[in-house]
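Please read the structure below before turning to the comments.
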Amino acid sequence: MEPMTCLETIQAYGLRSLGIGERLLPRSDFTLCQHFTLIGSGMIWNIYFGVLALLFGFFLANALALAKASRSPWTRKPAEWFIFVFRGSPLFIQFFLAYEMLVLLPKAGINVMGITVETAWTTRAWAGALFVLFLNTAAYSAEIFYGALKSVPKGDVEAADAYGLTGWSRFRRILWPTMLRLGWPAYTNEAIFLFHATTLVFFSGFPAFQQKGDALYYANYFADKTFNPFIPYPIVGLYFISLTLLLIWLFNRINRYLNRHLPSNLQGRIRLRAQVIR
Amino acid sequence: MFEYCADPSQLSGLTWLSCYLTTGTHFNFYWSFLTVLMLLAVTAPTALAFGFGGAMMARSPFLPVSLIGRGYIAAVRGVPDIVYFLFFVIALDQGIEWTKHLFVCDDLGQPVWNGTEFRVCPAAKVPLATSSAIWHSAYGFATAVFTFALVFGAFAANVLYGAMQAVPRAQLETGEAYGMTARQVFRRILVPQMWVFALPGLSNLWLILIKATPLLFLLGIQDIVYWARELGSAKTSGNNPYPHGDWRVFYFLGLLVFYLAFTRVSEIVLGRLTQRLSSGQATLGGEQLRKAGA
């Protein structure tokens, strides 16, 4: 067989992680181009998991933070427990547990008022793992937002009271923007490490059907085949460093928007802090 | 274990469960919890040592050393740690075998990386193919500890570096004014005072380290995740005296509870430790303690 040019390789494997293109993965004579293309194709899944979990998680996190700050124990306690369970246990175990629970759902589907709801799709990574990541990031973010809510300056709230703002409008105009502003640097870290955590998905029970996996799945495939870890893993590293830089840039822009009313010498820059595995 | 367990097929209810939970494989499962604790006990001080070294290097006035220290801290933070775990398991193994290969093997003409193979002579294998199983698991465990220490050392270095910077400059200058050398200032003034600043970060790191232990499974160690999968999977009466369906969900639920309890206990202990270290310090926490006592 003619060796493929790099362009042909990209055409064949660029969307391999979605099941488009060449069916068989390369088996011998691995080129650098194949490494970059396949691992890059796997990054589609990392971005998919990260973006959607972050997006949905943001809303749940706000609700949870408010619930945790609430005075009524009926809303506070469940939120506290939810946050404790998801922050206190390893994400790896959460993935395993969720997968085993989803597998136990009846194969034929669940009958809800005459309509049969399929269950097989929930054991697939795109749904099951996304759901776990969504709950997990919601718990971590909720703790961040809760801490930020508690540190809203007293004067801000008093000023709102003086202007006659109460209830929902006080929350929407004063408390919520300030909470976001204060929590944003920590939330940026959370976002970065959520993207890092997406690499766990295909190593934790969720199978990669027809070898459709994420970046680390393909890197691991190459390392297993070539016995050479010095090429595929640094490539994953490279992709993730670029992704991290992109995220920092994006979140910094939002940070600047949130802090736009402050004098420029008070607008803090986002600092990366170590907070890694969940 | 118990005498009435001789014929499991006759048992039912709690007696069945008591026999089931005391089989040999279950004791392997219980031992693997000790493996996890042992890993934590060995890794935490090692990572702290790595972190201390990294932080000292990053603070060095000599630029190349400082760059190495900073590079070490930065590299681990931009890349998912699981990548490092998967990478170091093979890279360390190959590095050790390759070094040994250079010393003990005769034909060094052959390339070590040959196509899709990594080939060293039998004498250079670590551990040797002839050595007993215990050496193989000990070697696996040692590489795991080293990998964990390397990755978490970078995080610890970051925390300790920040803590060293946080010690008030005036304290160090006072030491210098008394005629202490740079080394004496470091040992007698900086290091004793930095711990209270490092503690919040280190506590956080400890909780993260606990939650990273299931990744041992990925390093090929028979840890609690391995045994939970092994024991929980469905057993038929043909090959097992204790047949049961797919019970993995219960085993993982057990692991979840174990980790939650461990985290909670750690949080309480670390909270007490913070209180203890804060007393007498010129920090907000120390001031609160002073007021509470007065």
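Each chain in the structure tokens gets a letter, A, B and so on, in the order shown; residues start at 1 in every chain, and ligands are counted from 1 in the order they appear.
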Counting only C-alpha atoms, what is within 10 Å of Thr213 of chain B, bar same-chain residues fewer than 6 positions away, as JSON, numbers by chain? {"A": [90, 92, 277], "B": [35, 36, 37, 39, 40, 148, 223, 224, 225, 259]}
Who sits within 12 Å of segment 169-176 of chain A, only C-alpha atoms, same chain under 5 positions skipped, as a JSON list (two decimals) with C-alpha atoms, in the first residue's frame:
[["chain", "number", "residue", "atom", "x", "y", "z"],
["A", 62, "ASN", "CA", -25.86, 28.87, 40.90],
["A", 63, "ALA", "CA", -28.97, 27.12, 42.17],
["A", 65, "ALA", "CA", -24.96, 27.90, 45.89],
["A", 66, "LEU", "CA", -28.18, 29.75, 46.65],
["A", 145, "PHE", "CA", -20.03, 30.52, 44.21],
["A", 146, "TYR", "CA", -21.20, 29.88, 47.77],
["A", 148, "ALA", "CA", -18.15, 34.19, 46.83],
["A", 149, "LEU", "CA", -21.72, 34.85, 47.93],
["A", 150, "LYS", "CA", -20.59, 34.84, 51.56],
["A", 151, "SER", "CA", -17.90, 37.39, 50.81],
["A", 152, "VAL", "CA", -20.10, 39.94, 49.06],
["A", 153, "PRO", "CA", -19.21, 43.18, 50.87],
["A", 154, "LYS", "CA", -21.70, 44.19, 53.54],
["A", 155, "GLY", "CA", -21.74, 47.74, 52.21],
["A", 156, "ASP", "CA", -23.03, 46.59, 48.81],
["A", 157, "VAL", "CA", -26.05, 44.94, 50.40],
["A", 158, "GLU", "CA", -26.69, 47.94, 52.65],
["A", 159, "ALA", "CA", -26.55, 50.23, 49.64],
["A", 160, "ALA", "CA", -29.09, 48.03, 47.86],
["A", 161, "ASP", "CA", -31.35, 48.24, 50.90],
["A", 162, "ALA", "CA", -30.98, 52.02, 50.98],
["A", 163, "TYR", "CA", -32.14, 52.20, 47.35],
["A", 164, "GLY", "CA", -35.17, 50.11, 48.19],
["A", 181, "ARG", "CA", -17.12, 38.75, 39.96],
["A", 182, "LEU", "CA", -15.61, 37.51, 43.21],
["A", 183, "GLY", "CA", -15.83, 33.85, 42.32],
["A", 184, "TRP", "CA", -14.60, 34.17, 38.75],
["A", 258, "LEU", "CA", -17.40, 41.51, 35.07]]
May I ask you to extract the residues of chain B within 7 Å of chain A, using only C-alpha atoms, and to give them as a PDB file with N, CA, C and O atoms, in the first residue's frame?
ATOM      1  N   GLY B  78      -0.323  22.528  33.470  1.00  0.00           N
ATOM      2  CA  GLY B  78      -1.013  22.763  32.215  1.00  0.00           C
ATOM      3  C   GLY B  78      -1.574  21.504  31.578  1.00  0.00           C
ATOM      4  O   GLY B  78      -2.391  21.573  30.680  1.00  0.00           O
ATOM      5  N   VAL B  79      -1.121  20.350  32.056  1.00  0.00           N
ATOM      6  CA  VAL B  79      -1.448  19.089  31.406  1.00  0.00           C
ATOM      7  C   VAL B  79      -2.197  18.204  32.397  1.00  0.00           C
ATOM      8  O   VAL B  79      -1.852  18.190  33.575  1.00  0.00           O
ATOM      9  N   PRO B  80      -3.217  17.458  31.948  1.00  0.00           N
ATOM     10  CA  PRO B  80      -3.926  16.569  32.872  1.00  0.00           C
ATOM     11  C   PRO B  80      -2.952  15.603  33.540  1.00  0.00           C
ATOM     12  O   PRO B  80      -2.098  15.025  32.873  1.00  0.00           O
ATOM     13  N   VAL B  83      -2.260  12.043  32.273  1.00  0.00           N
ATOM     14  CA  VAL B  83      -1.300  11.886  31.178  1.00  0.00           C
ATOM     15  C   VAL B  83       0.069  11.545  31.764  1.00  0.00           C
ATOM     16  O   VAL B  83       0.773  10.661  31.275  1.00  0.00           O
ATOM     17  N   PHE B  87       2.175   8.194  31.266  1.00  0.00           N
ATOM     18  CA  PHE B  87       3.480   8.378  30.635  1.00  0.00           C
ATOM     19  C   PHE B  87       4.591   7.806  31.498  1.00  0.00           C
ATOM     20  O   PHE B  87       5.426   7.026  31.023  1.00  0.00           O
ATOM     21  N   ILE B  90       5.406   3.857  31.829  1.00  0.00           N
ATOM     22  CA  ILE B  90       6.225   3.241  30.783  1.00  0.00           C
ATOM     23  C   ILE B  90       7.600   3.884  30.742  1.00  0.00           C
ATOM     24  O   ILE B  90       8.612   3.203  30.652  1.00  0.00           O
ATOM     25  N   ALA B  91       7.639   5.219  30.802  1.00  0.00           N
ATOM     26  CA  ALA B  91       8.907   5.921  30.619  1.00  0.00           C
ATOM     27  C   ALA B  91       9.911   5.549  31.703  1.00  0.00           C
ATOM     28  O   ALA B  91      11.087   5.308  31.405  1.00  0.00           O
ATOM     29  N   THR B 116       8.167  -1.603  16.603  1.00  0.00           N
ATOM     30  CA  THR B 116       7.140  -1.477  17.633  1.00  0.00           C
ATOM     31  C   THR B 116       7.524  -2.218  18.906  1.00  0.00           C
ATOM     32  O   THR B 116       6.672  -2.580  19.700  1.00  0.00           O
ATOM     33  N   GLU B 117       8.826  -2.452  19.089  1.00  0.00           N
ATOM     34  CA  GLU B 117       9.224  -3.201  20.282  1.00  0.00           C
ATOM     35  C   GLU B 117      10.259  -2.443  21.087  1.00  0.00           C
ATOM     36  O   GLU B 117      11.032  -1.663  20.543  1.00  0.00           O
ATOM     37  N   PHE B 118      10.232  -2.707  22.375  1.00  0.00           N
ATOM     38  CA  PHE B 118      11.276  -2.208  23.246  1.00  0.00           C
ATOM     39  C   PHE B 118      12.035  -3.437  23.725  1.00  0.00           C
ATOM     40  O   PHE B 118      11.476  -4.273  24.431  1.00  0.00           O
ATOM     41  N   PHE B 155       2.794  20.217  42.649  1.00  0.00           N
ATOM     42  CA  PHE B 155       1.755  21.016  43.303  1.00  0.00           C
ATOM     43  C   PHE B 155       2.225  21.499  44.662  1.00  0.00           C
ATOM     44  O   PHE B 155       1.992  22.653  45.033  1.00  0.00           O
ATOM     45  N   ILE B 208      -6.798  16.235  47.739  1.00  0.00           N
ATOM     46  CA  ILE B 208      -6.704  15.884  46.323  1.00  0.00           C
ATOM     47  C   ILE B 208      -5.938  14.576  46.163  1.00  0.00           C
ATOM     48  O   ILE B 208      -6.306  13.725  45.354  1.00  0.00           O
ATOM     49  N   LYS B 211      -8.082  11.663  46.784  1.00  0.00           N
ATOM     50  CA  LYS B 211      -9.001  11.406  45.684  1.00  0.00           C
ATOM     51  C   LYS B 211      -8.282  10.929  44.430  1.00  0.00           C
ATOM     52  O   LYS B 211      -8.925  10.489  43.485  1.00  0.00           O
ATOM     53  N   ALA B 212      -6.950  11.031  44.420  1.00  0.00           N
ATOM     54  CA  ALA B 212      -6.200  10.552  43.252  1.00  0.00           C
ATOM     55  C   ALA B 212      -5.843   9.085  43.388  1.00  0.00           C
ATOM     56  O   ALA B 212      -5.427   8.461  42.413  1.00  0.00           O
ATOM     57  N   PRO B 214      -7.495   6.263  43.482  1.00  0.00           N
ATOM     58  CA  PRO B 214      -8.047   5.234  42.592  1.00  0.00           C
ATOM     59  C   PRO B 214      -7.303   5.152  41.261  1.00  0.00           C
ATOM     60  O   PRO B 214      -7.431   4.161  40.555  1.00  0.00           O
ATOM     61  N   ARG B 248     -21.431  -5.070  41.109  1.00  0.00           N
ATOM     62  CA  ARG B 248     -20.371  -4.056  41.106  1.00  0.00           C
ATOM     63  C   ARG B 248     -20.857  -2.734  41.678  1.00  0.00           C
ATOM     64  O   ARG B 248     -20.115  -2.010  42.328  1.00  0.00           O
ATOM     65  N   VAL B 249     -22.139  -2.452  41.448  1.00  0.00           N
ATOM     66  CA  VAL B 249     -22.665  -1.167  41.910  1.00  0.00           C
ATOM     67  C   VAL B 249     -22.558  -1.059  43.440  1.00  0.00           C
ATOM     68  O   VAL B 249     -22.224  -0.016  43.979  1.00  0.00           O
ATOM     69  N   PHE B 252     -18.854  -0.481  44.399  1.00  0.00           N
ATOM     70  CA  PHE B 252     -18.427   0.904  44.165  1.00  0.00           C
ATOM     71  C   PHE B 252     -19.094   1.861  45.141  1.00  0.00           C
ATOM     72  O   PHE B 252     -18.498   2.857  45.546  1.00  0.00           O
ATOM     73  N   LEU B 253     -20.314   1.518  45.544  1.00  0.00           N
ATOM     74  CA  LEU B 253     -20.972   2.315  46.572  1.00  0.00           C
ATOM     75  C   LEU B 253     -20.151   2.262  47.861  1.00  0.00           C
ATOM     76  O   LEU B 253     -19.962   3.279  48.543  1.00  0.00           O
ATOM     77  N   LEU B 256     -17.217   4.475  47.515  1.00  0.00           N
ATOM     78  CA  LEU B 256     -17.631   5.876  47.629  1.00  0.00           C
ATOM     79  C   LEU B 256     -17.730   6.271  49.100  1.00  0.00           C
ATOM     80  O   LEU B 256     -17.219   7.320  49.518  1.00  0.00           O
ATOM     81  N   TYR B 259     -14.277   6.642  50.690  1.00  0.00           N
ATOM     82  CA  TYR B 259     -13.605   7.897  50.360  1.00  0.00           C
ATOM     83  C   TYR B 259     -14.252   9.084  51.056  1.00  0.00           C
ATOM     84  O   TYR B 259     -13.562  10.006  51.507  1.00  0.00           O
ATOM     85  N   LEU B 260     -15.598   9.059  51.132  1.00  0.00           N
ATOM     86  CA  LEU B 260     -16.274  10.179  51.803  1.00  0.00           C
ATOM     87  C   LEU B 260     -15.866  10.234  53.266  1.00  0.00           C
ATOM     88  O   LEU B 260     -15.562  11.312  53.800  1.00  0.00           O
ATOM     89  N   THR B 263     -12.277  11.461  53.592  1.00  0.00           N
ATOM     90  CA  THR B 263     -12.196  12.902  53.361  1.00  0.00           C
ATOM     91  C   THR B 263     -12.675  13.669  54.581  1.00  0.00           C
ATOM     92  O   THR B 263     -12.047  14.629  55.018  1.00  0.00           O
TER      93      THR B 263
END
Contacts of Leu17 of chain B within 10 Å, only C-alpha atoms, excl. fewer than 5 positions in-chain, as a short mmCIF file (atom, residue, chain, number, x, y, z; two decimals) with C-alpha atoms, in the first residue's frame:
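And here is the file that came out, selection_31.cif:
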data_model
loop_
_atom_site.label_atom_id
_atom_site.label_comp_id
_atom_site.auth_asym_id
_atom_site.auth_seq_id
_atom_site.Cartn_x
_atom_site.Cartn_y
_atom_site.Cartn_z
CA PRO B 8 -21.87 -22.52 50.90
CA LEU B 11 -26.41 -21.38 53.45
CA SER B 12 -28.74 -18.44 53.20
CA THR B 22 -14.66 -13.70 54.50
CA TYR B 242 -20.87 -18.05 45.96
#
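Using only C-alpha atoms, the residues found no farther than 8 Å from Ala234 of chain B, other than those of its own chain fewer than 4 positions away, are Pro243, His244, Gly245, Asp246 and Trp247 of chain B.
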Give me a file of those residues, with all heavy atoms, as a tab-separated table (two decimals), in the first residue's frame.
chain	number	residue	atom	x	y	z
B	243	PRO	N	-22.32	-17.98	43.99
B	243	PRO	CA	-22.81	-17.31	42.77
B	243	PRO	C	-23.65	-16.09	43.12
B	243	PRO	O	-24.37	-16.08	44.12
B	243	PRO	CB	-23.66	-18.39	42.11
B	243	PRO	CG	-24.07	-19.29	43.21
B	243	PRO	CD	-22.96	-19.26	44.21
B	244	HIS	N	-23.52	-15.04	42.31
B	244	HIS	CA	-24.37	-13.85	42.48
B	244	HIS	C	-24.40	-13.08	41.16
B	244	HIS	O	-23.59	-13.33	40.27
B	244	HIS	CB	-23.87	-12.97	43.62
B	244	HIS	CG	-22.47	-12.44	43.42
B	244	HIS	ND1	-22.18	-11.41	42.57
B	244	HIS	CD2	-21.30	-12.81	43.99
B	244	HIS	CE1	-20.89	-11.16	42.61
B	244	HIS	NE2	-20.32	-12.00	43.45
B	245	GLY	N	-25.34	-12.16	41.09
B	245	GLY	CA	-25.48	-11.36	39.87
B	245	GLY	C	-24.42	-10.27	39.82
B	245	GLY	O	-23.40	-10.35	40.50
B	246	ASP	N	-24.69	-9.26	39.01
B	246	ASP	CA	-23.74	-8.15	38.88
B	246	ASP	C	-23.87	-7.24	40.10
B	246	ASP	O	-24.82	-6.48	40.22
B	246	ASP	CB	-24.05	-7.39	37.59
B	246	ASP	CG	-22.95	-6.39	37.28
B	246	ASP	OD1	-22.11	-6.16	38.16
B	246	ASP	OD2	-22.95	-5.86	36.16
B	247	TRP	N	-22.89	-7.33	41.01
B	247	TRP	CA	-22.96	-6.56	42.25
B	247	TRP	C	-21.97	-5.41	42.27
B	247	TRP	O	-21.68	-4.87	43.33
B	247	TRP	CB	-22.67	-7.47	43.45
B	247	TRP	CG	-23.84	-8.29	43.83
B	247	TRP	CD1	-25.05	-8.33	43.21
B	247	TRP	CD2	-23.93	-9.21	44.92
B	247	TRP	NE1	-25.89	-9.22	43.83
B	247	TRP	CE2	-25.22	-9.77	44.88
B	247	TRP	CE3	-23.04	-9.62	45.92
B	247	TRP	CZ2	-25.65	-10.71	45.81
B	247	TRP	CZ3	-23.47	-10.55	46.85
B	247	TRP	CH2	-24.76	-11.10	46.79
I need the helix (DSSP H, G or I) residues of segment 69-268 of chain A per DSSP on the backbone, written as number ranges by chain. A: 69, 73-88, 91-103, 120-123, 125-150, 154-162, 167-203, 209-211, 215-226, 232-258, 264-266
Taking only C-alpha atoms into account, name the residue in A:Pro177, A:Pro263, A:Gly50, A:Gly109 that is nearest to Val132 of chain A.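 Checking each of A:Pro177, A:Pro263, A:Gly50, A:Gly109 against Val132 of chain A, counting only C-alpha atoms, the winner is A:Gly50.
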Using only C-alpha atoms, which residues sit within 6 Å of Glu97 of chain B once same-chain residues fewer than 4 positions away are excluded, as a PDB file with C-alpha atoms, in the first residue's frame?
ATOM      1  CA  HIS B 101      20.976  -2.513  29.496  1.00  0.00           C
ATOM      2  CA  ALA B 124      18.537  -6.182  31.911  1.00  0.00           C
ATOM      3  CA  LYS B 125      14.876  -6.790  32.728  1.00  0.00           C
TER       4      LYS B 125
END
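Proximity to Ala163 of chain B was assessed for B:Gln193, B:Gln184, B:Thr147, B:Ser32 counting only C-alpha atoms; the smallest distance is recorded for B:Gln193.
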Find the spatial neighbours of Ile68 of chain B, counting only C-alpha atoms, within a cut-off of 12 Å - ignore same-chain residues fewer than 2 positions away - and output them as an MDAnalysis selection string. chainID B and resid 53:60 62:66 70:75 154
Enumerate, in order of chain and increasing residue number, the residues of segment 150-268 of chain A with an atom no farther than 8 Å from segment 15-26 of chain A, each with its shortest atom pair and distance in Å to one decimal, counting only C-alpha atoms, as a Markdown table.
| residue | atom | partner | partner_atom | distance |
| --- | --- | --- | --- | --- |
| A:Gln210 | CA | A:Gly19 | CA | 7.7 |
| A:Gln211 | CA | A:Ser17 | CA | 7.4 |
| A:Lys212 | CA | A:Ser17 | CA | 4.4 |
| A:Gly213 | CA | A:Ser17 | CA | 5.6 |
| A:Asp214 | CA | A:Ser17 | CA | 7.0 |
Can I get the selection written as a compact mmCIF listing (two decimals), in the first residue's frame, with N, CA and C atoms?
# COMPACT_ATOMS: atom_id res chain seq x y z
N GLN A 210 -16.49 1.16 18.99
CA GLN A 210 -15.80 1.21 17.68
C GLN A 210 -14.59 2.12 17.73
N GLN A 211 -13.89 2.06 18.86
CA GLN A 211 -12.65 2.84 19.04
C GLN A 211 -12.85 4.32 18.81
N LYS A 212 -14.05 4.82 19.19
CA LYS A 212 -14.27 6.25 19.13
C LYS A 212 -13.98 6.81 20.51
N GLY A 213 -12.76 7.34 20.70
CA GLY A 213 -12.37 7.78 22.02
C GLY A 213 -11.87 9.20 22.05
N ASP A 214 -11.37 9.60 23.22
CA ASP A 214 -10.87 10.97 23.35
C ASP A 214 -9.37 11.01 23.10
What does the distance between atom CA of Ala79 of chain A and atom CA of Ala138 of chain A come to in Å, to one decimal place?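 Taking atom CA of Ala79 of chain A and atom CA of Ala138 of chain A, their separation equals 10.9 Å.
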